[in-house]
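Asker: Input file: structure.csv. Contents: CSV, C-alpha atoms.
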chain,number,residue,atom,x,y,z
A,810,VAL,CA,3.0,-10.1,19.9
A,811,LEU,CA,4.7,-6.9,18.9
A,812,ALA,CA,1.8,-5.4,16.9
A,813,VAL,CA,-1.7,-6.0,15.8
A,814,GLU,CA,-2.8,-5.1,12.2
A,815,MET,CA,-6.0,-6.3,10.6
A,816,GLU,CA,-6.5,-4.7,7.2
A,817,ALA,CA,-3.3,-4.8,5.2
A,818,ALA,CA,-3.6,-8.5,4.3
A,819,ALA,CA,-7.0,-8.0,2.8
A,820,LEU,CA,-5.8,-4.9,1.0
A,821,TYR,CA,-2.9,-6.8,-0.6
A,822,THR,CA,-5.0,-9.8,-1.4
A,823,ASN,CA,-7.6,-7.7,-3.2
A,824,ALA,CA,-5.0,-5.7,-5.0
A,825,ALA,CA,-3.3,-8.8,-6.2
A,826,ALA,CA,-6.5,-10.4,-7.4
A,827,GLY,CA,-7.4,-7.2,-9.3
A,828,GLY,CA,-3.9,-6.7,-10.7
A,829,ALA,CA,-3.5,-3.4,-8.9
A,830,ASN,CA,-0.7,-2.0,-6.7
A,831,ALA,CA,-1.3,-1.4,-3.0
A,832,LEU,CA,0.6,0.2,-0.1
A,833,ALA,CA,-0.1,0.1,3.6
A,834,ILE,CA,1.2,2.9,5.8
A,835,LEU,CA,1.0,1.9,9.4
A,836,THR,CA,1.5,3.6,12.7
A,837,ILE,CA,1.6,2.4,16.3
A,838,SER,CA,-1.0,4.0,18.5
A,839,ASP,CA,-0.9,2.1,21.8
A,840,ASP,CA,1.7,0.0,23.6
A,841,GLN,CA,-0.3,-2.9,25.1
A,842,GLU,CA,2.8,-4.3,26.9
A,843,ARG,CA,3.4,-1.1,28.8
A,844,GLY,CA,-0.2,0.0,29.0
A,845,GLU,CA,0.6,3.3,27.2
A,846,MET,CA,-2.0,4.8,24.9
A,847,THR,CA,-1.7,7.6,22.4
A,848,SER,CA,-4.0,10.6,23.0
A,849,ALA,CA,-6.8,11.4,20.5
A,850,ARG,CA,-4.9,14.6,19.5
A,851,GLU,CA,-1.7,12.6,18.9
A,852,ARG,CA,-3.5,10.0,16.8
A,853,GLU,CA,-5.2,12.8,14.8
A,854,THR,CA,-1.8,14.5,14.1
A,855,THR,CA,-0.1,11.2,13.2
A,856,PHE,CA,-3.0,10.3,10.9
A,857,THR,CA,-2.9,13.7,9.2
A,858,ASN,CA,0.9,13.4,8.7
A,859,MET,CA,0.5,9.8,7.3
A,860,MET,CA,-2.1,11.1,4.8
A,861,LYS,CA,0.2,13.8,3.6
A,862,VAL,CA,2.9,11.2,3.0
A,863,ALA,CA,0.5,9.0,1.1
A,864,LEU,CA,-0.7,11.8,-1.1
A,865,GLU,CA,2.9,12.8,-1.9
A,866,LEU,CA,3.6,9.1,-2.9
A,867,ALA,CA,0.4,8.8,-5.0
Show how you would write the structure in this file as structure tokens.

Answerer:
Amino acid sequence: VLAVEMEAAALYTNAAAGGANALAILTISDDQERGEMTSARERETTFTNMMKVALELA
């Protein structure tokens, strides 16, 4: 398993059912194989940057 993602499938399913467009922007926060975890500060920064990209695309 390279990655775990749980919400995008539901997002796309609901968008398709409603005739809407949808986009998922994903980031990797932890490496389960190596046991490496992203710090809370790094996750916050990454999330903020992802939101900026999403708003530019909207």

Asker: Could you list, as a PDB file with C-alpha atoms, in the coordinates of the input, every residue within 8 Å of Ala831 (chain A), counting all atoms listed in the file and ignoring same-chain residues fewer than 6 positions away?

Answerer:
ATOM      1  CA  LEU A 820      -5.800  -4.900   1.000  1.00  0.00           C
ATOM      2  CA  TYR A 821      -2.900  -6.800  -0.600  1.00  0.00           C
ATOM      3  CA  ALA A 824      -5.000  -5.700  -5.000  1.00  0.00           C
TER       4      ALA A 824
END

Asker: Find, counting all atoms listed in the file, the residue in A:Ala817, A:Ala867, A:Leu811, A:Met846 that gets nearest to Ala833 (chain A).

Answerer: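 Distance minimum relative to Ala833 (chain A) lands on A:Ala817.
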
Asker: How many Å lie between CA of Glu814 (chain A) and CA of Lys861 (chain A), rounded to one decimal?

Answerer: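 So the answer is 21.0 Å.
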
Asker: Enter the distance from CA of Met860 (chain A) to CA of Ser838 (chain A), in Å, rounded to one decimal.

Answerer: 15.5 Å

Asker: Please compute the CA of Thr855 (chain A)-CA of Leu835 (chain A) distance, one decimal, in Å.

Answerer: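 Separation of CA of Thr855 (chain A) and CA of Leu835 (chain A): 10.1 Å.
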
Asker: Show which residues sit within 10 Å of Val813 (chain A), as JSON, numbers by chain. Count all atoms listed in the file, and ignore same-chain residues fewer than 2 positions away.

Answerer: {"A": [810, 811, 815, 816, 837, 841]}

Asker: Select, from A:Leu866, A:Asn830, A:Thr836, A:Thr822, the residue with the minimum atom-to-atom distance to Glu853 (chain A), counting only C-alpha atoms.

Answerer: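 The shortest atom-to-atom distance to Glu853 (chain A) comes from A:Thr836.
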